[in-house]
Amino acid sequence: MKNIDRNTPNFSRRSALQTAACGFGSLAFSGLFAEQQSVNPLIPRQPHFSARAKRVIFLFMRGGPSQVDTFDFKPELSKRHNEDLGGGRKYYQSPWQFKRYGECGLPVSELFHHTAKHADDLCVINSMHTDIANHPQAILQMNTGSFQFVRPSVGSWVVYGLGTENQSLPGFITINPDFSAGGARKYGCAFLPSSTAGTPINQWGGGDGKGAPTLKDYTIPYTTNETISKSEQRSQLDLLQTLNRAKLKQDQINETLEGVIQSYETAFRMQAEMPGLIDVEKEPGYIIDRYGINTEITDNFGRACLMARRFVEKGVRFVQLNLGFWDQHKDLVPGHEKLAFASDKPISALLTDLKERGLLEDTLVLWGGEFGRPPILNKNKGRDHNAAGFTMWMAGGGVKCGLRYGQTDPTGQTAVSEKVHLHDLHATLLHLLGLNHEQLTYRYGGRDFRLTDVYGNVVHDIIA
């Protein structure tokens, strides 16, 4: 089979039938070469140039964690603490102490004292900024590059460009996604081949503080059949596929049927492999303890982080973990503490686990929300929205270690030096994966589309 030209215009938009053909709505395949040769978009493909990273784990902190309370230490803010700005608003220093960690001396809040132990592996970008400070639009832009139009998600672009390394699993998995702010658009594929879309696990919102899910909650619908055996399913599928292929031979061109044939095969293989990967209880006891599994506050995100490690180890290209809602307009302290305590230990465990297994070197870990929060306390003892300056960090995957890149102003409000726009972040992520963000395009509706639209510059200064 020929390699896919990433600029080929011959993929078509998925149809409703293709999506319906797959029980979990994200594994139907589509696509034809001009010469009518069928293509599986999940087949591994070579990047544009030598890659530093092979896979991505995105720790998405939905709702916008406060940068001045986590990874952006601002001594000047302490000096101006309680300075009245009118309207019940005042400058407010972080209620959490910062300490310097590692040989690099990276300042990190006590909210993330476990993650801080990995300071020498972190590349902290303090100069992030984005275009809008409303959650629905900003969340969509973080995940798709656009808040105005329906566009493929970052994970879908990565899978489209590189395929995936395990044909029995999806290329893109999203754990604990929420249904707000665009719903499935945040992990959807839009006009890209439908097999590149994210497969959701526990899409009922276990990551939104609605209680730690049981193992039963961490499932993908329709991956088990309690009425017939696997061999009987295989016989049924063989019969069905014989009929489908006969129809395809007769039609010669039938993209919908192509998608059905390939999605059925992938779904059947998933039934054998996916349940075992989700069942993290099979891990040794010290690994379970390391991630905080079976401890109430850390169980949910601990399971998600351990699943992420197991997925990338088995060849999944892009895994997104979603935790929210960091939107503390009221009562900043208990709100941020709850989410930090739920995620800090699991994140530290994930970084430790990846490093011990030799995976961190070529696995890019990305942490952050859709925007940040201002250094100002409102009358409800909370912080509002801030798109002008916030923090994200990376680890592994070819980024410089122990680096604090860029700055906000002395109080932490606005990015002022070495500024990194969201489009720049996306361009850099693709670059680390060996993909040129200007060449990774898809022709749809008469024009070429890309993740970064007409924007984006690779931030070479953070690449090792």
# chains A, B, ... in the order shown; residues from 1 in each chain; ligands from 1
>>> closest_atom_pairs(of="region 315-359 of chain A", to="region 44-62 of chain A", cutoff="12 Å", atoms="only C-alpha atoms", output="CSV")
residue,atom,partner,partner_atom,distance
A:Gly315,CA,A:Arg55,CA,8.3
A:Val316,CA,A:Arg55,CA,7.4
A:Arg317,CA,A:Arg55,CA,4.8
A:Phe318,CA,A:Val56,CA,4.9
A:Val319,CA,A:Ile57,CA,4.8
A:Gln320,CA,A:Phe58,CA,4.6
A:Leu321,CA,A:Leu59,CA,5.0
A:Asn322,CA,A:Phe60,CA,4.9
A:Leu323,CA,A:Met61,CA,5.1
A:Gly324,CA,A:Arg62,CA,4.7
A:Phe325,CA,A:Arg62,CA,5.6
A:Trp326,CA,A:Arg62,CA,6.3
A:Asp327,CA,A:Arg62,CA,8.3
A:Gln328,CA,A:Arg62,CA,11.6
A:His336,CA,A:Met61,CA,11.1
A:Leu339,CA,A:Met61,CA,9.1
A:Ala340,CA,A:Met61,CA,9.9
A:Ala342,CA,A:Met61,CA,11.6
A:Ser343,CA,A:Met61,CA,9.6
A:Asp344,CA,A:Leu59,CA,11.2
A:Pro346,CA,A:Leu59,CA,10.9
A:Ile347,CA,A:Leu59,CA,8.5
A:Ser348,CA,A:Leu59,CA,11.9
A:Leu350,CA,A:Ile57,CA,10.0
A:Leu351,CA,A:Ile57,CA,10.6
A:Leu354,CA,A:Ile57,CA,10.8
A:Leu359,CA,A:Arg55,CA,9.5
>>> select_by_dssp(residues="region 173-321 of chain A", states="strand (DSSP E)", output="count of residues only")
10
>>> residues_around(residues="region 398-405 of chain A", least_positions_apart="6", cutoff="10 Å", atoms="only C-alpha atoms", output="PyMOL selection string")
chain A and resi 51-53+71-72+101-107+118-128+360-365+391+417-420+428-429+432-433+460-464
>>> residues_around(residues="Thr144 (chain A)", least_positions_apart="6", cutoff="10 Å", atoms="only C-alpha atoms", output="list in words")
Ala138, Val150, Arg151, Pro152, Ser153, Val154, Gly155, Ser156, Trp157, Arg185, Lys186, Tyr187, Gly188, Cys189, Ala190, His426, Leu451 and Thr452 of chain A
>>> write_last_selection(atoms="N, CA and C atoms", output="PDB file, in the first residue's frame")
ATOM      1  N   ALA A 138     -12.654  29.641  24.026  1.00  0.00           N
ATOM      2  CA  ALA A 138     -11.244  29.383  24.320  1.00  0.00           C
ATOM      3  C   ALA A 138     -10.945  27.888  24.394  1.00  0.00           C
ATOM      4  N   VAL A 150     -16.092  24.946  12.793  1.00  0.00           N
ATOM      5  CA  VAL A 150     -15.894  23.528  13.105  1.00  0.00           C
ATOM      6  C   VAL A 150     -14.600  23.070  12.445  1.00  0.00           C
ATOM      7  N   ARG A 151     -13.633  22.687  13.251  1.00  0.00           N
ATOM      8  CA  ARG A 151     -12.326  22.281  12.748  1.00  0.00           C
ATOM      9  C   ARG A 151     -11.879  20.993  13.440  1.00  0.00           C
ATOM     10  N   PRO A 152     -10.977  20.231  12.820  1.00  0.00           N
ATOM     11  CA  PRO A 152     -10.479  19.014  13.458  1.00  0.00           C
ATOM     12  C   PRO A 152      -9.705  19.346  14.731  1.00  0.00           C
ATOM     13  N   SER A 153      -9.757  18.443  15.686  1.00  0.00           N
ATOM     14  CA  SER A 153      -9.027  18.616  16.935  1.00  0.00           C
ATOM     15  C   SER A 153      -7.539  18.351  16.729  1.00  0.00           C
ATOM     16  N   VAL A 154      -6.741  18.801  17.690  1.00  0.00           N
ATOM     17  CA  VAL A 154      -5.294  18.617  17.608  1.00  0.00           C
ATOM     18  C   VAL A 154      -4.951  17.142  17.469  1.00  0.00           C
ATOM     19  N   GLY A 155      -5.581  16.304  18.298  1.00  0.00           N
ATOM     20  CA  GLY A 155      -5.312  14.871  18.237  1.00  0.00           C
ATOM     21  C   GLY A 155      -5.622  14.274  16.882  1.00  0.00           C
ATOM     22  N   SER A 156      -6.692  14.750  16.248  1.00  0.00           N
ATOM     23  CA  SER A 156      -7.051  14.254  14.920  1.00  0.00           C
ATOM     24  C   SER A 156      -6.004  14.648  13.882  1.00  0.00           C
ATOM     25  N   TRP A 157      -5.506  15.879  13.973  1.00  0.00           N
ATOM     26  CA  TRP A 157      -4.455  16.302  13.049  1.00  0.00           C
ATOM     27  C   TRP A 157      -3.194  15.448  13.218  1.00  0.00           C
ATOM     28  N   ARG A 185     -17.014  18.243  19.527  1.00  0.00           N
ATOM     29  CA  ARG A 185     -16.135  18.989  18.612  1.00  0.00           C
ATOM     30  C   ARG A 185     -14.722  19.097  19.164  1.00  0.00           C
ATOM     31  N   LYS A 186     -14.582  19.058  20.485  1.00  0.00           N
ATOM     32  CA  LYS A 186     -13.265  19.231  21.091  1.00  0.00           C
ATOM     33  C   LYS A 186     -12.343  18.061  20.788  1.00  0.00           C
ATOM     34  N   TYR A 187     -12.912  16.904  20.506  1.00  0.00           N
ATOM     35  CA  TYR A 187     -12.080  15.764  20.137  1.00  0.00           C
ATOM     36  C   TYR A 187     -12.535  15.157  18.811  1.00  0.00           C
ATOM     37  N   GLY A 188     -13.284  15.930  18.044  1.00  0.00           N
ATOM     38  CA  GLY A 188     -13.781  15.438  16.770  1.00  0.00           C
ATOM     39  C   GLY A 188     -12.789  15.652  15.641  1.00  0.00           C
ATOM     40  N   CYS A 189     -13.137  15.123  14.472  1.00  0.00           N
ATOM     41  CA  CYS A 189     -12.235  15.185  13.321  1.00  0.00           C
ATOM     42  C   CYS A 189     -12.754  16.102  12.221  1.00  0.00           C
ATOM     43  N   ALA A 190     -13.981  16.667  12.388  1.00  0.00           N
ATOM     44  CA  ALA A 190     -14.559  17.552  11.375  1.00  0.00           C
ATOM     45  C   ALA A 190     -14.484  16.898   9.999  1.00  0.00           C
ATOM     46  N   HIS A 426       0.710  25.114  19.057  1.00  0.00           N
ATOM     47  CA  HIS A 426       0.313  24.034  18.157  1.00  0.00           C
ATOM     48  C   HIS A 426       1.385  23.772  17.099  1.00  0.00           C
ATOM     49  N   LEU A 451      -4.066  23.032  10.984  1.00  0.00           N
ATOM     50  CA  LEU A 451      -4.358  23.276  12.398  1.00  0.00           C
ATOM     51  C   LEU A 451      -4.139  24.729  12.774  1.00  0.00           C
ATOM     52  N   THR A 452      -3.074  25.334  12.275  1.00  0.00           N
ATOM     53  CA  THR A 452      -2.711  26.697  12.668  1.00  0.00           C
ATOM     54  C   THR A 452      -3.289  27.764  11.746  1.00  0.00           C
TER      55      THR A 452
END
>>> select_by_dssp(residues="region 188-396 of chain A", states="helix (DSSP H, G or I)", output="count of residues only")
107
>>> residues_around(residues="Gly372 (chain A)", least_positions_apart="4", cutoff="10 Å", atoms="only C-alpha atoms", output="number ranges by chain")
A: 63-68, 128-130, 133, 326-327, 368, 383-392, 412-413
>>> write_last_selection(atoms="C-alpha atoms", output="mmCIF file, in the first residue's frame")
data_model
loop_
_atom_site.group_PDB
_atom_site.id
_atom_site.type_symbol
_atom_site.label_atom_id
_atom_site.label_comp_id
_atom_site.auth_asym_id
_atom_site.auth_seq_id
_atom_site.Cartn_x
_atom_site.Cartn_y
_atom_site.Cartn_z
ATOM 1 C CA GLY A 63 -11.447 26.032 33.102
ATOM 2 C CA GLY A 64 -8.106 27.816 33.366
ATOM 3 C CA PRO A 65 -5.820 27.263 36.371
ATOM 4 C CA SER A 66 -4.317 30.407 37.827
ATOM 5 C CA GLN A 67 -0.745 30.875 36.644
ATOM 6 C CA VAL A 68 0.250 33.058 39.618
ATOM 7 C CA MET A 128 1.194 31.948 26.785
ATOM 8 C CA HIS A 129 -1.657 34.062 25.430
ATOM 9 C CA THR A 130 -4.787 33.392 23.407
ATOM 10 C CA ALA A 133 -11.425 34.851 27.544
ATOM 11 C CA TRP A 326 -10.745 25.332 37.332
ATOM 12 C CA ASP A 327 -13.136 28.289 37.059
ATOM 13 C CA GLY A 368 -2.413 23.522 30.866
ATOM 14 C CA ARG A 383 -10.134 35.169 40.234
ATOM 15 C CA ASP A 384 -11.810 35.872 36.887
ATOM 16 C CA HIS A 385 -10.657 35.046 33.322
ATOM 17 C CA ASN A 386 -7.387 36.117 31.715
ATOM 18 C CA ALA A 387 -6.384 35.384 28.105
ATOM 19 C CA ALA A 388 -3.526 37.907 28.013
ATOM 20 C CA GLY A 389 -1.049 35.792 29.947
ATOM 21 C CA PHE A 390 -0.981 32.278 31.351
ATOM 22 C CA THR A 391 1.235 29.247 31.826
ATOM 23 C CA MET A 392 1.552 25.825 30.229
ATOM 24 C CA GLY A 412 1.449 38.161 36.224
ATOM 25 C CA GLN A 413 -1.356 39.736 34.209
#
>>> closest_atom_pairs(of="region 109-171 of chain A", to="region 276-298 of chain A", cutoff="12 Å", atoms="only C-alpha atoms", output="CSV")
residue,atom,partner,partner_atom,distance
A:His114,CA,A:Arg290,CA,11.0
A:Ser168,CA,A:Leu277,CA,11.8
A:Leu169,CA,A:Leu277,CA,10.2
>>> write_last_selection(atoms="N, CA and C atoms", output="PDB file, in the first residue's frame")
ATOM      1  N   HIS A 114       4.223  17.633  44.327  1.00  0.00           N
ATOM      2  CA  HIS A 114       4.642  16.336  43.753  1.00  0.00           C
ATOM      3  C   HIS A 114       5.205  16.540  42.344  1.00  0.00           C
ATOM      4  N   SER A 168      -5.053  -2.233  16.508  1.00  0.00           N
ATOM      5  CA  SER A 168      -6.141  -2.775  17.324  1.00  0.00           C
ATOM      6  C   SER A 168      -6.687  -1.743  18.301  1.00  0.00           C
ATOM      7  N   LEU A 169      -6.143  -0.545  18.258  1.00  0.00           N
ATOM      8  CA  LEU A 169      -6.571   0.518  19.158  1.00  0.00           C
ATOM      9  C   LEU A 169      -6.792   1.797  18.364  1.00  0.00           C
TER      10      LEU A 169
END
>>> closest_residue(among="A:His329, A:Lys345, A:His81, A:Lys355", to="Cys305 (chain A)", atoms="only C-alpha atoms")
A:Lys345
>>> residues_around(residues="Gly86 (chain A)", least_positions_apart="4", cutoff="12 Å", atoms="only C-alpha atoms", output="PyMOL selection string")
chain A and resi 82+90-91+376-379
>>> atom_distance(atom1="CA of His437 (chain A)", atom2="CA of Asn134 (chain A)")
26.2 Å
>>> atom_distance(atom1="CA of Asp69 (chain A)", atom2="CA of Glu337 (chain A)")
10.3 Å
>>> residues_around(residues="Met274 (chain A)", least_positions_apart="6", cutoff="12 Å", atoms="only C-alpha atoms", output="PDB file with N, CA and C atoms, in the first residue's frame")
ATOM      1  N   ASN A 166      -0.646   0.985  16.589  1.00  0.00           N
ATOM      2  CA  ASN A 166      -1.364  -0.225  16.984  1.00  0.00           C
ATOM      3  C   ASN A 166      -2.717  -0.230  16.294  1.00  0.00           C
ATOM      4  N   GLN A 167      -2.892  -1.108  15.343  1.00  0.00           N
ATOM      5  CA  GLN A 167      -4.112  -1.140  14.548  1.00  0.00           C
ATOM      6  C   GLN A 167      -5.295  -1.757  15.291  1.00  0.00           C
ATOM      7  N   SER A 168      -5.053  -2.233  16.508  1.00  0.00           N
ATOM      8  CA  SER A 168      -6.141  -2.775  17.324  1.00  0.00           C
ATOM      9  C   SER A 168      -6.687  -1.743  18.301  1.00  0.00           C
ATOM     10  N   LEU A 169      -6.143  -0.545  18.258  1.00  0.00           N
ATOM     11  CA  LEU A 169      -6.571   0.518  19.158  1.00  0.00           C
ATOM     12  C   LEU A 169      -6.792   1.797  18.364  1.00  0.00           C
ATOM     13  N   PRO A 170      -7.594   2.720  18.897  1.00  0.00           N
ATOM     14  CA  PRO A 170      -7.727   4.021  18.229  1.00  0.00           C
ATOM     15  C   PRO A 170      -6.401   4.770  18.244  1.00  0.00           C
ATOM     16  N   ILE A 173      -7.275   8.874  21.875  1.00  0.00           N
ATOM     17  CA  ILE A 173      -8.191   8.542  22.971  1.00  0.00           C
ATOM     18  C   ILE A 173      -8.311   9.749  23.882  1.00  0.00           C
ATOM     19  N   THR A 199     -11.583   8.747  20.518  1.00  0.00           N
ATOM     20  CA  THR A 199     -12.494   7.782  21.122  1.00  0.00           C
ATOM     21  C   THR A 199     -12.628   8.130  22.598  1.00  0.00           C
ATOM     22  N   ILE A 201     -13.489   7.903  26.580  1.00  0.00           N
ATOM     23  CA  ILE A 201     -13.626   6.968  27.693  1.00  0.00           C
ATOM     24  C   ILE A 201     -14.207   7.731  28.870  1.00  0.00           C
ATOM     25  N   TYR A 218     -15.204   3.452  33.428  1.00  0.00           N
ATOM     26  CA  TYR A 218     -14.133   3.639  32.448  1.00  0.00           C
ATOM     27  C   TYR A 218     -14.264   2.592  31.346  1.00  0.00           C
ATOM     28  N   THR A 219     -15.251   2.789  30.515  1.00  0.00           N
ATOM     29  CA  THR A 219     -15.498   1.843  29.428  1.00  0.00           C
ATOM     30  C   THR A 219     -15.804   2.611  28.154  1.00  0.00           C
ATOM     31  N   ILE A 220     -15.724   1.895  27.055  1.00  0.00           N
ATOM     32  CA  ILE A 220     -16.180   2.399  25.763  1.00  0.00           C
ATOM     33  C   ILE A 220     -17.418   1.597  25.396  1.00  0.00           C
ATOM     34  N   PRO A 221     -18.515   2.251  25.086  1.00  0.00           N
ATOM     35  CA  PRO A 221     -19.743   1.507  24.780  1.00  0.00           C
ATOM     36  C   PRO A 221     -19.566   0.533  23.623  1.00  0.00           C
ATOM     37  N   TYR A 222     -20.258  -0.582  23.730  1.00  0.00           N
ATOM     38  CA  TYR A 222     -20.371  -1.556  22.641  1.00  0.00           C
ATOM     39  C   TYR A 222     -19.075  -2.294  22.332  1.00  0.00           C
ATOM     40  N   THR A 223     -18.167  -2.394  23.301  1.00  0.00           N
ATOM     41  CA  THR A 223     -16.955  -3.184  23.065  1.00  0.00           C
ATOM     42  C   THR A 223     -17.064  -4.577  23.673  1.00  0.00           C
ATOM     43  N   THR A 224     -18.196  -4.905  24.259  1.00  0.00           N
ATOM     44  CA  THR A 224     -18.419  -6.266  24.760  1.00  0.00           C
ATOM     45  C   THR A 224     -19.748  -6.775  24.226  1.00  0.00           C
ATOM     46  N   THR A 266     -11.654  -2.969  12.962  1.00  0.00           N
ATOM     47  CA  THR A 266     -10.995  -2.318  14.089  1.00  0.00           C
ATOM     48  C   THR A 266     -11.787  -2.502  15.364  1.00  0.00           C
ATOM     49  N   ALA A 267     -13.107  -2.376  15.283  1.00  0.00           N
ATOM     50  CA  ALA A 267     -13.948  -2.555  16.464  1.00  0.00           C
ATOM     51  C   ALA A 267     -13.815  -3.967  17.023  1.00  0.00           C
ATOM     52  N   PHE A 268     -13.744  -4.960  16.152  1.00  0.00           N
ATOM     53  CA  PHE A 268     -13.600  -6.335  16.625  1.00  0.00           C
ATOM     54  C   PHE A 268     -12.274  -6.523  17.351  1.00  0.00           C
ATOM     55  N   VAL A 280      -6.718  -1.058  35.090  1.00  0.00           N
ATOM     56  CA  VAL A 280      -5.418  -0.746  35.673  1.00  0.00           C
ATOM     57  C   VAL A 280      -5.134  -1.544  36.940  1.00  0.00           C
ATOM     58  N   MET A 307      -3.899   4.826  32.800  1.00  0.00           N
ATOM     59  CA  MET A 307      -4.387   4.365  31.501  1.00  0.00           C
ATOM     60  C   MET A 307      -3.621   5.036  30.366  1.00  0.00           C
ATOM     61  N   ARG A 310      -0.400   3.310  29.853  1.00  0.00           N
ATOM     62  CA  ARG A 310      -0.617   2.006  29.235  1.00  0.00           C
ATOM     63  C   ARG A 310      -0.981   2.149  27.758  1.00  0.00           C
ATOM     64  N   PHE A 311      -1.755   3.169  27.414  1.00  0.00           N
ATOM     65  CA  PHE A 311      -2.136   3.390  26.023  1.00  0.00           C
ATOM     66  C   PHE A 311      -0.931   3.751  25.154  1.00  0.00           C
ATOM     67  N   LYS A 314       1.336   1.016  24.367  1.00  0.00           N
ATOM     68  CA  LYS A 314       0.803   0.072  23.380  1.00  0.00           C
ATOM     69  C   LYS A 314       0.651   0.693  21.993  1.00  0.00           C
ATOM     70  N   VAL A 316      -0.725   3.934  21.105  1.00  0.00           N
ATOM     71  CA  VAL A 316      -1.690   4.999  20.823  1.00  0.00           C
ATOM     72  C   VAL A 316      -0.923   6.302  20.607  1.00  0.00           C
TER      73      VAL A 316
END
>>> atom_distance(atom1="CA of Gln93 (chain A)", atom2="CA of Pro374 (chain A)")
10.7 Å
>>> closest_residue(among="A:Gly88, A:Val333, A:Phe149, A:Trp393", to="Phe191 (chain A)", atoms="only C-alpha atoms")
A:Phe149
>>> closest_residue(among="A:Gly335, A:Arg89, A:Val260, A:Asn143", to="Gly369 (chain A)", atoms="only C-alpha atoms")
A:Asn143
>>> decode(residues="region 305-343 of chain A", atoms="C-alpha atoms", output="PDB file, in the first residue's frame")
ATOM      1  CA  CYS A 305      -3.001   8.895  34.099  1.00  0.00           C
ATOM      2  CA  LEU A 306      -2.144   5.219  34.443  1.00  0.00           C
ATOM      3  CA  MET A 307      -4.387   4.365  31.501  1.00  0.00           C
ATOM      4  CA  ALA A 308      -2.597   7.048  29.485  1.00  0.00           C
ATOM      5  CA  ARG A 309       0.766   5.416  30.184  1.00  0.00           C
ATOM      6  CA  ARG A 310      -0.617   2.006  29.235  1.00  0.00           C
ATOM      7  CA  PHE A 311      -2.136   3.390  26.023  1.00  0.00           C
ATOM      8  CA  VAL A 312       1.008   5.131  24.758  1.00  0.00           C
ATOM      9  CA  GLU A 313       3.066   2.082  25.678  1.00  0.00           C
ATOM     10  CA  LYS A 314       0.803   0.072  23.380  1.00  0.00           C
ATOM     11  CA  GLY A 315       1.150   2.475  20.475  1.00  0.00           C
ATOM     12  CA  VAL A 316      -1.690   4.999  20.823  1.00  0.00           C
ATOM     13  CA  ARG A 317      -0.541   8.229  19.202  1.00  0.00           C
ATOM     14  CA  PHE A 318      -2.449  10.907  21.161  1.00  0.00           C
ATOM     15  CA  VAL A 319      -4.057  10.649  24.606  1.00  0.00           C
ATOM     16  CA  GLN A 320      -5.901  13.545  26.209  1.00  0.00           C
ATOM     17  CA  LEU A 321      -6.844  13.603  29.888  1.00  0.00           C
ATOM     18  CA  ASN A 322      -9.426  16.161  30.922  1.00  0.00           C
ATOM     19  CA  LEU A 323      -9.764  17.598  34.429  1.00  0.00           C
ATOM     20  CA  GLY A 324     -11.952  20.523  35.403  1.00  0.00           C
ATOM     21  CA  PHE A 325     -13.456  22.856  36.215  1.00  0.00           C
ATOM     22  CA  TRP A 326     -10.745  25.332  37.332  1.00  0.00           C
ATOM     23  CA  ASP A 327     -13.136  28.289  37.059  1.00  0.00           C
ATOM     24  CA  GLN A 328     -12.907  29.761  40.538  1.00  0.00           C
ATOM     25  CA  HIS A 329     -14.682  33.105  40.258  1.00  0.00           C
ATOM     26  CA  LYS A 330     -15.670  32.348  43.824  1.00  0.00           C
ATOM     27  CA  ASP A 331     -13.661  30.777  46.618  1.00  0.00           C
ATOM     28  CA  LEU A 332     -10.346  30.388  44.841  1.00  0.00           C
ATOM     29  CA  VAL A 333      -8.623  28.530  47.654  1.00  0.00           C
ATOM     30  CA  PRO A 334     -10.908  25.494  48.118  1.00  0.00           C
ATOM     31  CA  GLY A 335     -11.593  25.270  44.373  1.00  0.00           C
ATOM     32  CA  HIS A 336      -7.975  25.189  43.244  1.00  0.00           C
ATOM     33  CA  GLU A 337      -6.900  22.989  46.141  1.00  0.00           C
ATOM     34  CA  LYS A 338      -9.482  20.332  45.300  1.00  0.00           C
ATOM     35  CA  LEU A 339      -8.352  20.004  41.687  1.00  0.00           C
ATOM     36  CA  ALA A 340      -4.639  20.327  42.423  1.00  0.00           C
ATOM     37  CA  PHE A 341      -4.791  17.659  45.124  1.00  0.00           C
ATOM     38  CA  ALA A 342      -6.719  15.407  42.731  1.00  0.00           C
ATOM     39  CA  SER A 343      -4.151  15.721  39.950  1.00  0.00           C
TER      40      SER A 343
END
